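Next comes model-v1.cif, a file with mmCIF, C-alpha atoms.
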data_my_file
#
loop_
_atom_site.label_atom_id
_atom_site.label_comp_id
_atom_site.auth_asym_id
_atom_site.auth_seq_id
_atom_site.Cartn_x
_atom_site.Cartn_y
_atom_site.Cartn_z
CA GLY A 1 -13.91 -10.12 3.09
CA ARG A 2 -12.65 -7.21 0.99
CA ARG A 3 -14.77 -4.07 0.93
CA VAL A 4 -14.09 -1.90 -2.11
CA LEU A 5 -13.85 1.82 -1.29
CA LEU A 6 -12.26 3.40 -4.39
CA HIS A 7 -11.55 2.11 -7.89
CA ASN A 8 -10.83 2.88 -11.52
CA ALA A 9 -9.79 0.83 -14.55
CA ASP A 10 -6.21 0.52 -13.23
CA VAL A 11 -6.47 -0.17 -9.50
CA THR A 12 -8.97 -1.03 -6.76
CA LEU A 13 -8.53 0.00 -3.12
CA SER A 14 -10.21 -2.20 -0.53
CA ILE A 15 -10.20 -2.80 3.21
CA ALA A 16 -10.22 -6.34 4.61
CA GLN A 17 -10.52 -7.41 8.25
CA PRO A 18 -10.10 -11.20 8.28
CA THR A 19 -10.88 -12.86 11.59
CA ALA A 20 -10.17 -16.46 10.53
CA PRO A 21 -7.97 -18.29 8.03
CA MET A 22 -9.32 -18.50 4.47
CA ASP A 23 -11.05 -21.83 3.86
CA TYR A 24 -10.09 -21.69 0.17
CA HIS A 25 -7.14 -20.54 -1.94
CA TYR A 26 -7.16 -17.52 -4.23
CA ARG A 27 -5.45 -16.62 -7.50
CA ASN A 28 -5.63 -13.24 -9.22
CA GLY A 29 -5.10 -13.72 -12.96
CA GLN A 30 -5.55 -10.03 -13.83
CA GLY A 31 -2.66 -8.36 -12.05
CA ASP A 32 -0.44 -8.06 -9.00
CA GLU A 33 -1.74 -7.29 -5.53
CA LEU A 34 -0.25 -5.08 -2.82
CA LEU A 35 -1.36 -5.64 0.77
CA PHE A 36 -0.53 -3.25 3.61
CA VAL A 37 -0.88 -4.71 7.11
CA ASN A 38 -2.36 -1.99 9.30
CA ALA A 39 -2.95 -4.32 12.26
CA GLY A 40 -2.38 -7.96 13.14
CA GLU A 41 0.03 -10.64 12.05
CA GLY A 42 0.05 -14.01 10.34
CA HIS A 43 1.44 -15.56 7.19
CA ILE A 44 0.80 -16.05 3.49
CA GLU A 45 0.73 -19.63 2.20
CA SER A 46 1.57 -19.85 -1.51
CA LEU A 47 3.16 -22.06 -4.17
CA PHE A 48 6.40 -20.27 -3.34
CA GLY A 49 6.27 -21.17 0.35
CA THR A 50 5.32 -19.43 3.58
CA LEU A 51 5.83 -15.68 4.05
CA ASP A 52 5.28 -14.29 7.54
CA PHE A 53 3.77 -10.83 7.92
CA ARG A 54 3.40 -8.33 10.74
CA ARG A 55 2.04 -4.85 11.31
CA GLY A 56 3.47 -2.31 8.89
CA ASP A 57 4.32 -4.80 6.15
CA TYR A 58 3.77 -4.19 2.47
CA ILE A 59 3.20 -7.58 0.81
CA VAL A 60 3.60 -7.92 -2.97
CA ILE A 61 1.64 -10.84 -4.49
CA PRO A 62 2.58 -11.38 -8.17
CA ILE A 63 -0.09 -12.07 -10.79
CA GLY A 64 -1.14 -15.72 -10.99
CA THR A 65 0.06 -16.62 -7.48
CA THR A 66 -2.12 -19.21 -5.74
CA TYR A 67 -2.23 -18.27 -2.07
CA ARG A 68 -4.24 -17.89 1.08
CA ILE A 69 -3.96 -15.56 4.06
CA VAL A 70 -3.73 -17.06 7.54
CA ALA A 71 -4.17 -14.34 10.17
CA ASN A 72 -3.27 -14.99 13.81
CA GLY A 73 -6.38 -13.30 15.14
CA PRO A 74 -8.03 -10.05 14.04
CA CYS A 75 -6.20 -8.30 11.22
CA THR A 76 -6.73 -5.16 9.12
CA LEU A 77 -5.40 -5.01 5.56
CA LEU A 78 -5.34 -2.23 2.99
CA VAL A 79 -5.53 -4.02 -0.36
CA LEU A 80 -4.61 -2.73 -3.82
CA ASP A 81 -5.29 -5.00 -6.78
CA MET A 82 -4.37 -3.76 -10.22
CA ARG A 83 -4.37 -4.35 -13.95
CA GLY A 84 -0.71 -5.12 -14.38
CA ASN A 85 2.43 -5.27 -12.29
CA ILE A 86 3.84 -3.37 -9.33
CA ASP A 87 7.52 -2.51 -9.08
CA THR A 88 10.07 -0.32 -7.33
CA PRO A 89 10.68 3.18 -8.77
CA ARG A 90 12.97 3.11 -11.81
CA ARG A 91 15.14 6.01 -10.57
CA TYR A 92 16.17 3.93 -7.53
CA ARG A 93 17.50 1.01 -9.65
CA ASN A 94 20.57 0.53 -11.83
CA GLU A 95 20.55 -1.10 -15.26
CA TYR A 96 20.70 -4.55 -13.63
CA GLY A 97 17.65 -3.93 -11.45
CA GLN A 98 19.57 -3.54 -8.19
CA LEU A 99 18.47 -0.86 -5.75
CA LEU A 100 20.97 2.01 -5.55
CA GLU A 101 22.48 3.53 -2.43
CA HIS A 102 20.27 6.62 -2.61
CA SER A 103 17.15 4.44 -2.62
CA PRO A 104 15.08 4.76 0.59
CA PHE A 105 15.21 0.96 0.98
CA CYS A 106 17.37 -1.87 -0.33
CA GLU A 107 17.42 -5.62 -0.90
CA ARG A 108 18.41 -6.27 2.73
CA ASP A 109 15.01 -4.92 3.80
CA ILE A 110 13.07 -7.31 1.57
CA ARG A 111 11.77 -10.61 2.99
CA VAL A 112 10.87 -13.60 0.82
CA PRO A 113 9.27 -17.00 1.51
CA GLN A 114 11.66 -19.22 3.45
CA GLU A 115 9.86 -22.53 3.92
CA LEU A 116 8.09 -24.65 1.32
CA PRO A 117 5.94 -27.19 3.18
CA ALA A 118 5.15 -30.46 1.41
CA HIS A 119 1.50 -31.03 0.42
CA ASP A 120 0.28 -34.29 -1.10
CA GLU A 121 -3.26 -34.31 0.29
CA ARG A 122 -6.12 -35.58 -1.87
CA GLY A 123 -9.73 -34.49 -1.67
CA GLU A 124 -11.70 -31.41 -2.73
CA PHE A 125 -9.84 -28.09 -2.59
CA PRO A 126 -11.60 -24.90 -3.72
CA VAL A 127 -9.56 -22.24 -5.53
CA LEU A 128 -11.19 -18.90 -6.33
CA VAL A 129 -9.78 -17.45 -9.56
CA ARG A 130 -10.18 -13.90 -10.78
CA ALA A 131 -9.87 -13.47 -14.56
CA ARG A 132 -11.52 -11.31 -17.21
CA ASP A 133 -13.49 -9.38 -14.60
CA ARG A 134 -15.13 -12.52 -13.24
CA TYR A 135 -14.64 -14.84 -10.27
CA THR A 136 -14.74 -18.59 -10.86
CA MET A 137 -14.49 -21.25 -8.16
CA HIS A 138 -12.36 -24.22 -9.23
CA THR A 139 -12.42 -27.45 -7.23
CA LEU A 140 -9.19 -29.45 -7.39
CA ALA A 141 -8.69 -33.10 -6.44
CA HIS A 142 -5.24 -32.33 -5.03
CA HIS A 143 -3.86 -29.67 -2.72
CA PRO A 144 -3.35 -26.42 -4.70
CA LEU A 145 0.10 -25.88 -3.12
CA ASP A 146 1.46 -29.31 -4.13
CA ALA A 147 4.90 -28.15 -5.30
CA ILE A 148 8.41 -29.48 -4.70
CA GLY A 149 10.21 -26.27 -5.60
CA TRP A 150 10.27 -23.19 -7.81
CA ASP A 151 12.67 -21.16 -9.88
CA GLY A 152 12.77 -17.67 -11.37
CA CYS A 153 12.60 -14.07 -10.21
CA LEU A 154 8.87 -13.67 -9.62
CA TYR A 155 7.66 -14.45 -6.07
CA PRO A 156 5.82 -12.85 -3.14
CA TRP A 157 7.88 -10.52 -0.96
CA ALA A 158 7.42 -8.18 1.98
CA LEU A 159 8.84 -4.81 2.99
CA ASN A 160 8.03 -3.16 6.31
CA ILE A 161 7.21 0.54 6.22
CA GLU A 162 9.53 1.09 9.20
CA ASP A 163 12.46 0.08 6.98
CA PHE A 164 11.69 2.94 4.57
CA GLU A 165 14.39 5.58 5.14
CA PRO A 166 12.99 9.07 4.51
CA ILE A 167 14.71 11.54 2.20
CA THR A 168 14.83 15.02 3.73
CA GLY A 169 16.31 18.39 2.75
CA ARG A 170 16.85 22.01 3.74
CA VAL A 171 13.50 22.92 2.18
CA HIS A 172 10.25 21.02 1.67
CA GLN A 173 10.69 17.87 -0.39
CA PRO A 174 7.95 17.05 -2.93
CA PRO A 175 5.92 13.81 -2.59
CA PRO A 176 7.99 11.78 -5.13
CA VAL A 177 10.76 11.42 -2.51
CA HIS A 178 8.30 9.30 -0.52
CA GLN A 179 7.54 6.97 -3.44
CA THR A 180 7.83 3.28 -2.58
CA PHE A 181 6.12 1.50 -5.49
CA LYS A 182 4.87 2.21 -8.98
CA GLY A 183 2.00 0.44 -10.69
CA PRO A 184 -0.02 0.85 -13.87
CA ASN A 185 -0.98 4.55 -13.82
CA PHE A 186 -0.47 4.97 -10.06
CA VAL A 187 2.23 5.29 -7.38
CA VAL A 188 2.34 4.36 -3.69
CA CYS A 189 4.23 6.54 -1.20
CA SER A 190 5.20 6.04 2.46
CA PHE A 191 5.14 8.93 4.94
CA VAL A 192 7.28 7.91 7.90
CA PRO A 193 8.77 9.64 10.98
CA ARG A 194 11.38 12.08 9.69
CA LYS A 195 13.28 15.28 10.35
CA TYR A 196 11.66 18.45 9.08
CA ASP A 197 13.25 20.88 6.64
CA TYR A 198 16.27 22.41 8.30
CA HIS A 199 16.68 25.71 6.44
CA PRO A 200 16.50 28.54 9.05
CA LEU A 201 13.50 30.09 7.24
CA ALA A 202 11.79 26.82 6.30
CA ILE A 203 8.07 26.29 6.87
CA PRO A 204 7.80 22.50 7.31
CA ALA A 205 4.07 22.21 6.56
CA PRO A 206 3.45 21.38 2.89
CA TYR A 207 2.30 24.26 0.71
CA ASN A 208 -1.18 24.55 -0.76
CA HIS A 209 -1.39 22.83 -4.12
CA SER A 210 -3.63 21.25 -6.73
CA ASN A 211 -3.05 17.71 -7.91
CA VAL A 212 -3.57 18.47 -11.58
CA ASP A 213 -2.23 15.07 -12.67
CA SER A 214 -3.62 12.70 -10.06
CA ASP A 215 -6.20 11.83 -7.43
CA GLU A 216 -4.59 11.63 -3.98
CA VAL A 217 -5.61 9.09 -1.34
CA LEU A 218 -4.05 9.02 2.12
CA PHE A 219 -4.44 6.17 4.60
CA TYR A 220 -3.42 7.41 8.04
CA VAL A 221 -1.72 4.68 10.07
CA GLU A 222 -0.64 6.42 13.27
CA GLY A 223 0.99 9.53 14.75
CA ASN A 224 0.29 13.24 14.71
CA PHE A 225 -0.48 14.56 11.25
CA MET A 226 0.97 18.05 11.30
CA SER A 227 -0.97 19.40 8.32
CA ARG A 228 -4.38 18.03 9.36
CA ARG A 229 -6.70 18.17 12.33
CA GLY A 230 -9.57 15.83 13.06
CA ILE A 231 -7.67 12.93 11.48
CA GLU A 232 -7.45 9.68 13.43
CA PRO A 233 -5.55 6.43 12.78
CA GLY A 234 -7.47 4.47 10.17
CA SER A 235 -8.85 7.57 8.46
CA ILE A 236 -8.78 7.70 4.65
CA SER A 237 -8.87 10.98 2.74
CA LEU A 238 -9.51 11.52 -0.98
CA HIS A 239 -8.39 14.75 -2.66
CA PRO A 240 -9.51 14.63 -6.31
CA SER A 241 -7.36 16.15 -9.03
CA GLY A 242 -7.83 19.85 -9.74
CA LEU A 243 -9.11 20.76 -6.27
CA PRO A 244 -6.68 22.90 -4.22
CA HIS A 245 -5.82 21.62 -0.78
CA GLY A 246 -3.08 21.97 1.80
CA PRO A 247 -2.53 22.50 5.52
CA HIS A 248 -5.51 23.28 7.70
CA PRO A 249 -5.73 26.88 8.94
CA GLY A 250 -3.00 27.52 11.50
CA ALA A 251 -1.04 24.33 10.65
CA ALA A 252 1.62 26.13 8.60
CA GLU A 253 2.26 28.66 11.36
CA ALA A 254 2.31 25.94 14.02
CA SER A 255 4.93 23.97 12.08
CA ILE A 256 7.52 26.76 12.19
CA GLY A 257 10.42 25.77 14.43
CA LYS A 258 9.35 22.11 14.72
CA GLU A 259 12.17 19.62 14.19
CA GLY A 260 10.36 16.49 13.10
CA THR A 261 7.18 14.50 12.72
CA GLU A 262 6.07 11.08 13.94
CA GLU A 263 3.33 10.59 11.34
CA LEU A 264 2.93 7.27 9.52
CA ALA A 265 0.74 7.07 6.42
CA VAL A 266 0.36 5.34 3.05
CA MET A 267 -0.48 7.43 -0.02
CA LEU A 268 -1.96 6.27 -3.32
CA ASP A 269 -1.79 8.70 -6.27
CA THR A 270 -3.70 7.61 -9.38
CA PHE A 271 -3.23 9.28 -12.77
CA HIS A 272 -6.81 8.53 -13.79
CA PRO A 273 -9.83 9.60 -11.69
CA LEU A 274 -11.08 7.30 -8.94
CA ARG A 275 -14.70 6.30 -8.48
CA VAL A 276 -16.16 6.17 -4.98
CA ALA A 277 -17.82 2.86 -4.10
CA ARG A 278 -21.01 2.54 -2.08
CA ALA A 279 -19.15 1.17 0.93
CA ALA A 280 -17.15 4.42 1.10
CA THR A 281 -20.19 6.70 0.87
CA SER A 282 -21.70 4.98 3.89
CA ILE A 283 -18.74 5.97 6.10
CA GLU A 284 -18.01 9.40 4.62
CA ASP A 285 -17.36 12.29 7.02
CA ALA A 286 -19.52 14.99 5.45
CA ARG A 287 -17.81 17.71 7.49
CA TYR A 288 -14.30 17.02 6.19
CA PRO A 289 -14.42 19.62 3.36
CA TYR A 290 -15.28 22.29 5.96
CA SER A 291 -12.27 21.44 8.13
CA TRP A 292 -10.32 24.16 6.25
CA ALA A 293 -12.66 26.84 7.58
CA ALA A 294 -10.78 29.12 9.97
CA HIS A 295 -13.49 28.97 12.63
CA GLU A 296 -13.31 25.17 12.97
#
Have the structure of the file written as structure tokens, please.
Amino acid sequence: GRRVLLHNADVTLSIAQPTAPMDYHYRNGQGDELLFVNAGEGHIESLFGTLDFRRGDYIVIPIGTTYRIVANGPCTLLVLDMRGNIDTPRRYRNEYGQLLEHSPFCERDIRVPQELPAHDERGEFPVLVRARDRYTMHTLAHHPLDAIGWDGCLYPWALNIEDFEPITGRVHQPPPVHQTFKGPNFVVCSFVPRKYDYHPLAIPAPYNHSNVDSDEVLFYVEGNFMSRRGIEPGSISLHPSGLPHGPHPGAAEASIGKEGTEELAVMLDTFHPLRVARAATSIEDARYPYSWAAHE
């Protein structure tokens, strides 16, 4: 049910709205996957066991994991699949891989599969495998999750965006302080409710800038987005590299004296240009570029 919106050679961004459990299992043999749960709840069934998910969860699915999504009713997922592996930012880890105290989240916030149900069923079990830019349906004579245990340090895990502790300062903090994950030629950031800059002369709204190194994608989850108008929950914006952008007219002035924001959003920055898929062009808001006009 995934609908591709943006993609390049490193990462693909899709939206999925499953309304029923998958009637097959899936395995991505090309790279890791990162799922963000925008709405709904359920669980992931995998060879590593069952991992519950709820609204606001990031779910990391390692490469080669056989799994299926079981949603408890309607669900909306933002899906990133990539050519390689996703990880936490290096600057937040020590030489042993442990998250440091100045990291915006830690190991206590991470959830892993807890239960490994036994499966010994026989029959016909379809498994959809992605490899070498192709999808192949395998049919197994045994249940694809027939495992008695597992070992190692590679397994699915979840982190809720509400457990991300924002880093703030006296003046405006640049986007890297919001970084949550890094992938092959891209980063993922979390914008969460936080205190604004507390210098007496600070202007909390972000300054106008050009992303000369990356394309910037924002998925707006909820809240009031202080630098934008006309943005609703579920909106997705794309600001290509090299094009200046910043607060809408009047937003910088309106932010003066404000103490905090309740916005919640997920940002994807890619270091290679993104292509726009047909599904995205069909839902594009053609007036968005003109929202910076002062008369709007």
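For the residues A:Ala251, A:Ala202, A:Leu218, A:Ile59, ranking by smallest atom-to-atom distance to A:Val266 using only C-alpha atoms places A:Leu218 first.
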**Report entry** Given the PyMOL selection byres ((chain A and resi 275-291) around 10), the residues it picks as number ranges by chain
**Finding:** A: 3-9, 12-14, 228-231, 235-239, 245, 248-249, 272-274, 292-296
Report task. On this file, the PyMOL selection byres ((chain A and resi 165) around 8) gives some set of residues; write that set as a list in words. Result ->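 Evaluating the PyMOL selection byres ((chain A and resi 165) around 8) on this file yields Pro104, Phe105, Glu162, Asp163, Phe164, Pro166, Ile167 and Val192 of chain A.
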Query raised in the report: So what does the PyMOL selection byres ((chain A and resi 146-152) around 8) actually pick up in this one, as a PyMOL selection string?
Result: chain A and resi 47-48+116+118-120+142-145+153-154
Query raised in the report: So, counting all atoms listed in the file, which residue among A:Gly56, A:Gly123, A:Gly169, A:Pro184 is closest to A:Asp81?
Result: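 When distances to A:Asp81 are compared using all atoms listed in the file, the smallest one comes from A:Pro184.
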Applying 8 Å and only C-alpha atoms, which residues near A:Asn208 remain after dropping the ones on its own chain fewer than 3 positions away? List them as a short mmCIF file (atom, residue, chain, number, x, y, z; two decimals) with C-alpha atoms, in the frame of the given file.
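Now in around17.cif:
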data_model
loop_
_atom_site.label_atom_id
_atom_site.label_comp_id
_atom_site.auth_asym_id
_atom_site.auth_seq_id
_atom_site.Cartn_x
_atom_site.Cartn_y
_atom_site.Cartn_z
CA PRO A 244 -6.68 22.90 -4.22
CA HIS A 245 -5.82 21.62 -0.78
CA GLY A 246 -3.08 21.97 1.80
CA PRO A 247 -2.53 22.50 5.52
#
Query - Residue nearest A:Pro21 - candidates A:Arg91, A:Lys195, A:His209, A:Arg68, atoms counted: only C-alpha atoms - result: A:Arg68
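The space separating atom CA of A:Pro240 from atom CA of A:Val11 comes to 15.4 Å.
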Query raised in the report: Neighbours of stretch 255-263 of chain A within 7 Å (all atoms listed in the file; same-chain residues fewer than 2 positions away dropped), as an MDAnalysis selection string?
Result: chainID A and resid 191:196 203:205 222:225 251:253 265
Which residues of stretch 61-131 of chain A come within 12 Å of stretch 175-183 of chain A, and for each one, what is the closest pair of atoms and their distance in Å to one decimal, counting all atoms listed in the file, sorted by chain and residue number, as a tab-separated table?
residue	atom	partner	partner_atom	distance
A:Leu80	CA	A:Gly183	CA	10.0
A:Asp81	CA	A:Gly183	CA	9.9
A:Met82	CA	A:Gly183	CA	7.6
A:Arg83	CA	A:Gly183	CA	8.6
A:Gly84	CA	A:Gly183	CA	7.2
A:Asn85	CA	A:Gly183	CA	5.9
A:Ile86	CA	A:Gly183	CA	4.4
A:Asp87	CA	A:Lys182	CA	5.4
A:Thr88	CA	A:Phe181	CA	4.7
A:Pro89	CA	A:Phe181	CA	5.9
A:Arg90	CA	A:Lys182	CA	8.6
A:Arg91	CA	A:Gln179	CA	10.5
A:Tyr92	CA	A:Thr180	CA	9.7
A:Leu99	CA	A:Thr180	CA	11.8
A:His102	CA	A:Val177	CA	10.7
A:Ser103	CA	A:Thr180	CA	9.4
A:Pro104	CA	A:Thr180	CA	8.0
A:Phe105	CA	A:Thr180	CA	8.5
A:Cys106	CA	A:Thr180	CA	11.1
Query raised in the report: Near A:Asp23, counting all atoms listed in the file, which residues have an atom at most 10 Å away, once you skip same-chain residues fewer than 2 positions from it, shown as a list in words?
Result: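 The neighbour list is Ala20, Pro21, His25, Tyr26, Arg68, Ile69, Val70, Phe125, Pro126 and Val127 of chain A.
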Report summary line: Expressed in Å, the length from atom CA of A:Asp133 to atom CA of A:Leu51 is 27.6 Å
Report task. Figure out the distance between atom CA of A:Leu268 and atom CA of A:Ile44, please, to one decimal in Å. Result ->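 Taking atom CA of A:Ile44 and atom CA of A:Leu268, their separation equals 23.5 Å.
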Query raised in the report: Near A:Gly64, within 7 Å and counting only C-alpha atoms, which residues show up once chain neighbours fewer than 4 positions away are dropped, as JSON, numbers by chain?
Result: {"A": [27, 28, 29]}
Query raised in the report: Which polymer residues have any atom within 6 Å of an atom of stretch 210-213 of chain A, counting all atoms listed in the file, with same-chain residues fewer than 4 positions away left out, as number ranges by chain?
Result: A: 241-244, 271
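Each of A:Ile15, A:Thr76, A:Gly31, A:Gly1 was checked against A:Arg132 using all atoms listed in the file; the smallest atom-to-atom distance is that of A:Gly31.
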